[in-house]
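Here the structure comes first, spelled out in structure tokens, and everything after it is commentary.
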Amino acid sequence: MAYVKLFAATLLAFFVGTECQLRVGLGRYDVTGPSVEVPFMGYGSMTQRGIGIHTRQYARAFIIEDGSGNRVVFVNGDISAFTHPMKREITRRLRLRFGDLYTIDNIMLAPTHTHGGPGGYHQLVLYDITCLGFIEETFNPIVIGVVEAITRAHNNMQAGRAFYSEVPIEDFGINRSPASYLANPASERARYSENIDRNLQQIKFVNANDDVIGAFHWVATHAVSMNNTNYLISFDNLGYASYLLEQEFNPGHLVGRGPFVGAFSTSNSADISPNILGPRCYRNGGECDTLTSACPADDVCKAEGPGETDKENTRIIGGNIFKAALIGLRSEPQRELTGNVGFVHQFVEMHRQTGTWFNPTTQRNESFRGCLPAMGTSFAAGTTDGPGAYSFFEQGDTTGNPFWQLVGNALRPPTRDDRDCQRPKPILLMTGGMSWPYLWQPQSLPTQVLKIGSAVILGVASEITTMAGRRLRDTITEIGQSMGEDLVVLPTGMANMYASYVVTFEEFQVQRYEAGSSPYGPHTLTIYQQTFQRIFTALMNGQTVPAGPTPRDESRSQLTFLTPVVMDTGRFGRVVVEPRATYNRHQVVFTTFVAGNPRNDLMTEGSYFFVQQLQTNGTWRDVVTDANWETKFIWRRVSTLLGTSEIDFYWTIPANVENGTYRVRHVGASRGAFTGVRRYDGNTRIFTIN
């Protein structure tokens, strides 16, 4: 095999010359899950269940190979989080197609962390309990979509080059826990001008002709421009930036089509909110308490975005991120990423890690250890982006309420050692050691490094705060400097698994939401720094590392409480409300059809609705799908007993739409009691746009 790789690299150099030191493949595939009846993942609200689609969600895959045949895969998805069960199944399916070419070690999965998509895919109780347990209908399309995106990237490999750039983003985020940030040493804070990382970081790829073929980006903000009152599948602000970028470079293509692929991942974004007007008391408009986010009486502290609606918030923030990405893609000169491609991966049992660290407060070396996972009182308080359901929980709580601690710890009371390890966090849920009916939170976390020349991507399983990300970046940068390397270090949050938050030791003492949601204790960041230092050094020295304790397979223990679709009835595809005869731009086309349940068929890589334009030869051309930003559909049951339902479709006509004759086509699927699932379609009458 080594001789084959060497021959291929030599042949490649002969035909394309030495300028293209890499081979690059890009691919995209639909991962949209069930759009109705399934609770969304992100805000932890069982009442936030889907009723339709605003925008579809996609997985975007990038394969990078050097001249020696070393290959890495970076996948970004418009979902809340990837999970180890997903990655295990993805690599199993890829092995059947490509042998050992793609493995857990060289594939990194990173989400946008949108809170606007169906959940139930973690196979961990804490994260699935508000999503009605494990939902296979959500899990499968993500797995299939990632496999297909990687396959498309594999089939599109071509000679190319990679370039790195940084571009400041205007008006995209604020620090939502400034009281925690201020707990960090003043000397450390003095190194930075702001309590956020403002720069968009970009790796762009060009082909042998120097044409831009794709890019992926890191942005330090949360994808929570759509709040917990949203019930339509949405890719949120980072997904909107991808949407705009791909439309810019794929003119004439439907959404989700075209060769250019643009992806956006989160970096050290755990304490960053896109709701840039900041938190206010919702009812009286007063200021929230800085430490606790408390408001007078029964008022709620809630952050507001720059727009008047969630959709407008997403458009503004995502648009600002897109503008920065576009500047990066079009600016010259940029730093070319030359050198080898490499990877290293290791699982780490957090609660078994020990070591010594320098405490800047005491100015001496002290021992540290990891803790069994536990969630604090501030976790239940929620954030200013999504306040908790109960007003008696507050952020910044270091004492706890005895009653709620008793309730929360009824299943597994913490030991004295647990409390000592997590101090000053008051433990609300002792998730560590909880295995009924299966694990509540992960205990063994993946750590991973991908190296593309002088760019180093760190796969962190947690949401990482601004200062925690800076410290982790410094750790790896210093190793590079000691080896004579000038590295670009890119911490990537929630890679390969979701393990809640990680904060600095000082931020942990404050116990805002991010600290209360840091499961493995005050030294979680210290453990990450120690681990990444070890495995990155091994990678640079050409050494292998032990695989570490693989998370156990819990797939056979999963429970689900989502009821299946039993039966649909009706004249499917019949138009209930026809569009008007004529429209002008910026008006809304509205129509209603008799429908089956959208869960019957996810229409993957397709659409439930098409706006079609009549061509001069008498055929109809699809010009808009349900993936377009200016569309949405809402499904509703008319009669649960009879199984009848209807679906409403809305299209806000953009300014650049051509004059002409149009119609709306609906494609759906119905489930019969004895006939199974069958597709149907229906068309509205024609209408004109003048």
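The way I read the labels, and the way they are meant: chains A, B, ... in the order of the structure tokens, residue 1 as the first residue of every chain, and ligand 1 as the first ligand shown, with later ones counted on from there.
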**Item:** segment 645-651 of chain A surroundings by only C-alpha atoms, 7 Å radius, close-in-sequence under 6 positions cut, as an NGL selection string
**Value:** :A and (588-596 or 630-639)
Dump of N, CA, C and O atoms for the selected residues, as a tab-separated table (two decimals), in the first residue's frame:
```
chain	number	residue	atom	x	y	z
A	588	VAL	N	-46.45	37.88	-0.35
A	588	VAL	CA	-46.35	36.50	0.12
A	588	VAL	C	-47.35	35.62	-0.61
A	588	VAL	O	-48.57	35.86	-0.55
A	589	VAL	N	-46.83	34.61	-1.31
A	589	VAL	CA	-47.69	33.59	-1.91
A	589	VAL	C	-48.05	32.60	-0.82
A	589	VAL	O	-47.18	32.06	-0.13
A	590	PHE	N	-49.35	32.35	-0.66
A	590	PHE	CA	-49.83	31.43	0.39
A	590	PHE	C	-50.76	30.40	-0.23
A	590	PHE	O	-51.62	30.74	-1.05
A	591	THR	N	-50.55	29.14	0.16
A	591	THR	CA	-51.43	28.07	-0.32
A	591	THR	C	-51.49	26.97	0.71
A	591	THR	O	-50.58	26.82	1.54
A	592	THR	N	-52.57	26.19	0.68
A	592	THR	CA	-52.77	25.10	1.63
A	592	THR	C	-53.16	23.83	0.88
A	592	THR	O	-53.98	23.87	-0.05
A	593	PHE	N	-52.56	22.70	1.29
A	593	PHE	CA	-52.86	21.40	0.69
A	593	PHE	C	-53.34	20.42	1.76
A	593	PHE	O	-52.94	20.52	2.93
A	594	VAL	N	-54.15	19.46	1.35
A	594	VAL	CA	-54.41	18.28	2.18
A	594	VAL	C	-53.13	17.45	2.16
A	594	VAL	O	-52.55	17.20	1.11
A	595	ALA	N	-52.67	17.02	3.34
A	595	ALA	CA	-51.33	16.43	3.43
A	595	ALA	C	-51.30	15.19	4.31
A	595	ALA	O	-52.19	14.96	5.13
A	596	GLY	N	-50.27	14.41	4.11
A	596	GLY	CA	-49.91	13.36	5.04
A	596	GLY	C	-48.92	13.90	6.04
A	596	GLY	O	-48.44	15.03	5.93
A	630	GLU	N	-36.55	32.33	1.87
A	630	GLU	CA	-37.79	33.09	1.79
A	630	GLU	C	-39.04	32.21	1.85
A	630	GLU	O	-40.15	32.70	1.64
A	631	THR	N	-38.87	30.91	2.12
A	631	THR	CA	-40.03	30.01	2.22
A	631	THR	C	-40.18	29.46	3.63
A	631	THR	O	-39.25	29.49	4.44
A	632	LYS	N	-41.36	28.95	3.90
A	632	LYS	CA	-41.59	28.14	5.11
A	632	LYS	C	-42.86	27.34	4.89
A	632	LYS	O	-43.73	27.72	4.09
A	633	PHE	N	-42.96	26.20	5.59
A	633	PHE	CA	-44.24	25.49	5.61
A	633	PHE	C	-44.56	25.08	7.03
A	633	PHE	O	-43.68	24.83	7.85
A	634	ILE	N	-45.86	25.04	7.30
A	634	ILE	CA	-46.37	24.67	8.62
A	634	ILE	C	-47.40	23.57	8.45
A	634	ILE	O	-48.35	23.71	7.68
A	635	TRP	N	-47.20	22.47	9.17
A	635	TRP	CA	-48.10	21.32	9.11
A	635	TRP	C	-48.94	21.27	10.38
A	635	TRP	O	-48.47	21.62	11.47
A	636	ARG	N	-50.17	20.82	10.25
A	636	ARG	CA	-51.02	20.69	11.43
A	636	ARG	C	-52.02	19.56	11.24
A	636	ARG	O	-52.46	19.28	10.12
A	637	ARG	N	-52.34	18.91	12.34
A	637	ARG	CA	-53.39	17.90	12.35
A	637	ARG	C	-54.75	18.59	12.36
A	637	ARG	O	-55.00	19.47	13.18
A	638	VAL	N	-55.62	18.21	11.45
A	638	VAL	CA	-56.99	18.69	11.46
A	638	VAL	C	-57.83	17.82	12.38
A	638	VAL	O	-58.66	18.30	13.15
A	639	SER	N	-57.59	16.50	12.32
A	639	SER	CA	-58.28	15.56	13.21
A	639	SER	C	-57.33	14.42	13.56
A	639	SER	O	-56.91	13.67	12.67
```
**Request:** Write out as a PyMOL selection string all residues of segment 403-580 of chain A that DSSP puts in helix (DSSP H, G or I) for this structure's backbone.
**Result:** chain A and resi 403-408+416-422+466-482+505-510+513-516+524-540+555-557
**Message:** Which residue is closest to Glu605 of chain A? Choose from A:Leu559, A:Ile64, A:Ile535, A:Ala627 and count only C-alpha atoms.
**Reply:**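 Closest residue, counting only C-alpha atoms: A:Ala627.
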Within 8 Å of segment 233-251 of chain A, which residues of segment 29-94 of chain A show up? Give each one with its shortest atom-to-atom distance in Å (one decimal) and the two atoms involved, counting only C-alpha atoms, rows by chain then rising residue number, as JSON lines.
```
{"residue": "A:Ser35", "atom": "CA", "partner": "A:Ile233", "partner_atom": "CA", "distance": 6.4}
{"residue": "A:Gly50", "atom": "CA", "partner": "A:Ile233", "partner_atom": "CA", "distance": 6.7}
{"residue": "A:Gly52", "atom": "CA", "partner": "A:Ile233", "partner_atom": "CA", "distance": 6.4}
{"residue": "A:Ile53", "atom": "CA", "partner": "A:Ile233", "partner_atom": "CA", "distance": 4.6}
{"residue": "A:His54", "atom": "CA", "partner": "A:Ile233", "partner_atom": "CA", "distance": 5.6}
{"residue": "A:Thr55", "atom": "CA", "partner": "A:Ser234", "partner_atom": "CA", "distance": 5.0}
{"residue": "A:Arg56", "atom": "CA", "partner": "A:Ser234", "partner_atom": "CA", "distance": 6.7}
{"residue": "A:Gln57", "atom": "CA", "partner": "A:Phe235", "partner_atom": "CA", "distance": 5.9}
{"residue": "A:Asp78", "atom": "CA", "partner": "A:Phe235", "partner_atom": "CA", "distance": 5.6}
{"residue": "A:Ile79", "atom": "CA", "partner": "A:Phe235", "partner_atom": "CA", "distance": 7.4}
```
**Message:** I'd like the neighbourhood of Gly676 of chain A as a ChimeraX atom specification, where a residue qualifies if any of its atoms comes within 10 Å (using only C-alpha atoms), though same-chain residues fewer than 6 positions away should be ignored.
**Reply:** /A:566-567,600,669-670
**Item:** For Cys131 of chain A: contacts at 7 Å, only C-alpha atoms, fewer than 3 positions along chain excluded, given as a ChimeraX atom specification
**Value:** /A:38-41,46,119-120,128
**Request:** Determine, counting only C-alpha atoms, which protein, DNA and RNA residues have an atom within 6 Å of an atom of segment 155-161 of chain A; residues of the same chain fewer than 3 positions away are not included. Present the result as an MDAnalysis selection string.
**Result:** chainID A and resid 20 22:25 152 205:208
**Prompt:** So, counting only C-alpha atoms, which residue among A:Gln201, A:Asn228, A:Gln448, A:Asn106 is closest to Ala538 of chain A?
**Reply:**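 Counting only C-alpha atoms, the residue closest to Ala538 of chain A is A:Gln448.
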**Prompt:** If we count only C-alpha atoms, what is near Arg88 of chain A at a cut-off of 10 Å, once residues fewer than 6 positions away on the same chain are taken out, given as a ChimeraX atom specification?
**Reply:** /A:103-104,143,496,553
Please dump the current selection as a PDB file, in the first residue's frame; keep N, CA and C atoms.
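Wrote part.pdb, looks like this:
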```pdb
ATOM      1  N   THR A 103     -11.536   6.743   9.262  1.00  0.00           N
ATOM      2  CA  THR A 103     -11.678   6.122  10.573  1.00  0.00           C
ATOM      3  C   THR A 103     -12.061   7.168  11.624  1.00  0.00           C
ATOM      4  N   ILE A 104     -12.291   6.693  12.839  1.00  0.00           N
ATOM      5  CA  ILE A 104     -12.540   7.598  13.959  1.00  0.00           C
ATOM      6  C   ILE A 104     -11.376   8.562  14.137  1.00  0.00           C
ATOM      7  N   VAL A 143     -26.638  10.477  10.058  1.00  0.00           N
ATOM      8  CA  VAL A 143     -25.610   9.479   9.732  1.00  0.00           C
ATOM      9  C   VAL A 143     -25.504   9.296   8.216  1.00  0.00           C
ATOM     10  N   ASN A 496     -17.155  15.815  17.597  1.00  0.00           N
ATOM     11  CA  ASN A 496     -17.305  14.351  17.723  1.00  0.00           C
ATOM     12  C   ASN A 496     -18.240  13.894  18.840  1.00  0.00           C
ATOM     13  N   ASP A 553     -21.032   1.042  24.056  1.00  0.00           N
ATOM     14  CA  ASP A 553     -22.165   1.069  23.133  1.00  0.00           C
ATOM     15  C   ASP A 553     -23.458   0.886  23.921  1.00  0.00           C
TER      16      ASP A 553
END
```
**Request:** Give me the residues within 12 Å of Gly459 of chain A as a ChimeraX atom specification, counting only C-alpha atoms and dropping any in the same chain fewer than 2 places off.
**Result:** /A:74-75,82,105-111,265-268,343-347,445-451,456-457,461-464,469,472-473,489-498,528,531-532,535-536
**Message:** Between A:Ser177, A:Asn227, A:Leu329, A:Asp299, which residue has the minimum interatomic distance to Glu312 of chain A, considering only C-alpha atoms?
**Reply:**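 The shortest atom-to-atom distance to Glu312 of chain A comes from A:Asn227.
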**Request:** Find the distance between atom CA of Val261 of chain A and atom CA of Gly668 of chain A and write it in Å to one decimal.
**Result:**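 Atom CA of Gly668 of chain A lies 28.4 Å from atom CA of Val261 of chain A.
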**Asked** Using only C-alpha atoms, which of the listed residues (A:Leu182, A:Ile196, A:Ala374, A:Leu232) sits closest to Thr114 of chain A?
**Response** A:Leu232
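The smallest atom-to-atom distance between Arg512 of chain A and any of A:Gln615, A:Asn365, A:Ser68, A:Thr383, using only C-alpha atoms, is found for A:Thr383.
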**Request:** Taking the chain letters and numbering used in this document, name the residues of segment 172-301 of chain A that DSSP puts in strand (DSSP E), as number ranges by chain.
**Result:** A: 174-175, 199-207, 212-219, 232-233, 261-266, 272-273, 278-281, 301
Next, dump the selected residues to file, keeping only C-alpha atoms, as a PDB file, in the first residue's frame.
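Final file, selection24.pdb:
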```pdb
ATOM      1  CA  ILE A 174     -21.297  39.834  22.992  1.00  0.00           C
ATOM      2  CA  ASN A 175     -20.029  38.052  26.096  1.00  0.00           C
ATOM      3  CA  ASN A 199     -11.912  37.419  14.153  1.00  0.00           C
ATOM      4  CA  LEU A 200     -13.472  34.974  11.730  1.00  0.00           C
ATOM      5  CA  GLN A 201     -10.855  32.328  10.922  1.00  0.00           C
ATOM      6  CA  GLN A 202     -10.952  30.875   7.433  1.00  0.00           C
ATOM      7  CA  ILE A 203      -9.280  28.105   5.460  1.00  0.00           C
ATOM      8  CA  LYS A 204     -10.086  28.444   1.776  1.00  0.00           C
ATOM      9  CA  PHE A 205      -9.331  25.954  -0.958  1.00  0.00           C
ATOM     10  CA  VAL A 206      -8.494  26.657  -4.576  1.00  0.00           C
ATOM     11  CA  ASN A 207      -8.047  24.240  -7.470  1.00  0.00           C
ATOM     12  CA  VAL A 212     -11.973  29.119  -5.151  1.00  0.00           C
ATOM     13  CA  ILE A 213     -13.819  25.830  -4.639  1.00  0.00           C
ATOM     14  CA  GLY A 214     -14.730  25.998  -0.957  1.00  0.00           C
ATOM     15  CA  ALA A 215     -13.914  27.197   2.546  1.00  0.00           C
ATOM     16  CA  PHE A 216     -14.561  26.395   6.149  1.00  0.00           C
ATOM     17  CA  HIS A 217     -14.630  28.900   8.967  1.00  0.00           C
ATOM     18  CA  TRP A 218     -14.538  29.231  12.731  1.00  0.00           C
ATOM     19  CA  VAL A 219     -16.699  31.821  14.502  1.00  0.00           C
ATOM     20  CA  LEU A 232     -39.603  25.523  12.447  1.00  0.00           C
ATOM     21  CA  ILE A 233     -36.407  23.696  11.470  1.00  0.00           C
ATOM     22  CA  VAL A 261     -19.031  24.254  -0.407  1.00  0.00           C
ATOM     23  CA  GLY A 262     -18.858  26.733   2.472  1.00  0.00           C
ATOM     24  CA  ALA A 263     -19.062  25.705   6.133  1.00  0.00           C
ATOM     25  CA  PHE A 264     -19.064  27.524   9.493  1.00  0.00           C
ATOM     26  CA  SER A 265     -18.175  25.942  12.841  1.00  0.00           C
ATOM     27  CA  THR A 266     -18.066  27.325  16.351  1.00  0.00           C
ATOM     28  CA  ILE A 272     -20.795  34.404  23.434  1.00  0.00           C
ATOM     29  CA  SER A 273     -24.320  35.416  22.410  1.00  0.00           C
ATOM     30  CA  GLY A 278     -27.827  42.393  25.498  1.00  0.00           C
ATOM     31  CA  PRO A 279     -29.954  41.104  28.362  1.00  0.00           C
ATOM     32  CA  ARG A 280     -32.915  43.062  29.718  1.00  0.00           C
ATOM     33  CA  CYS A 281     -35.733  42.283  32.088  1.00  0.00           C
ATOM     34  CA  CYS A 301     -33.852  38.233  32.061  1.00  0.00           C
TER      35      CYS A 301
END
```
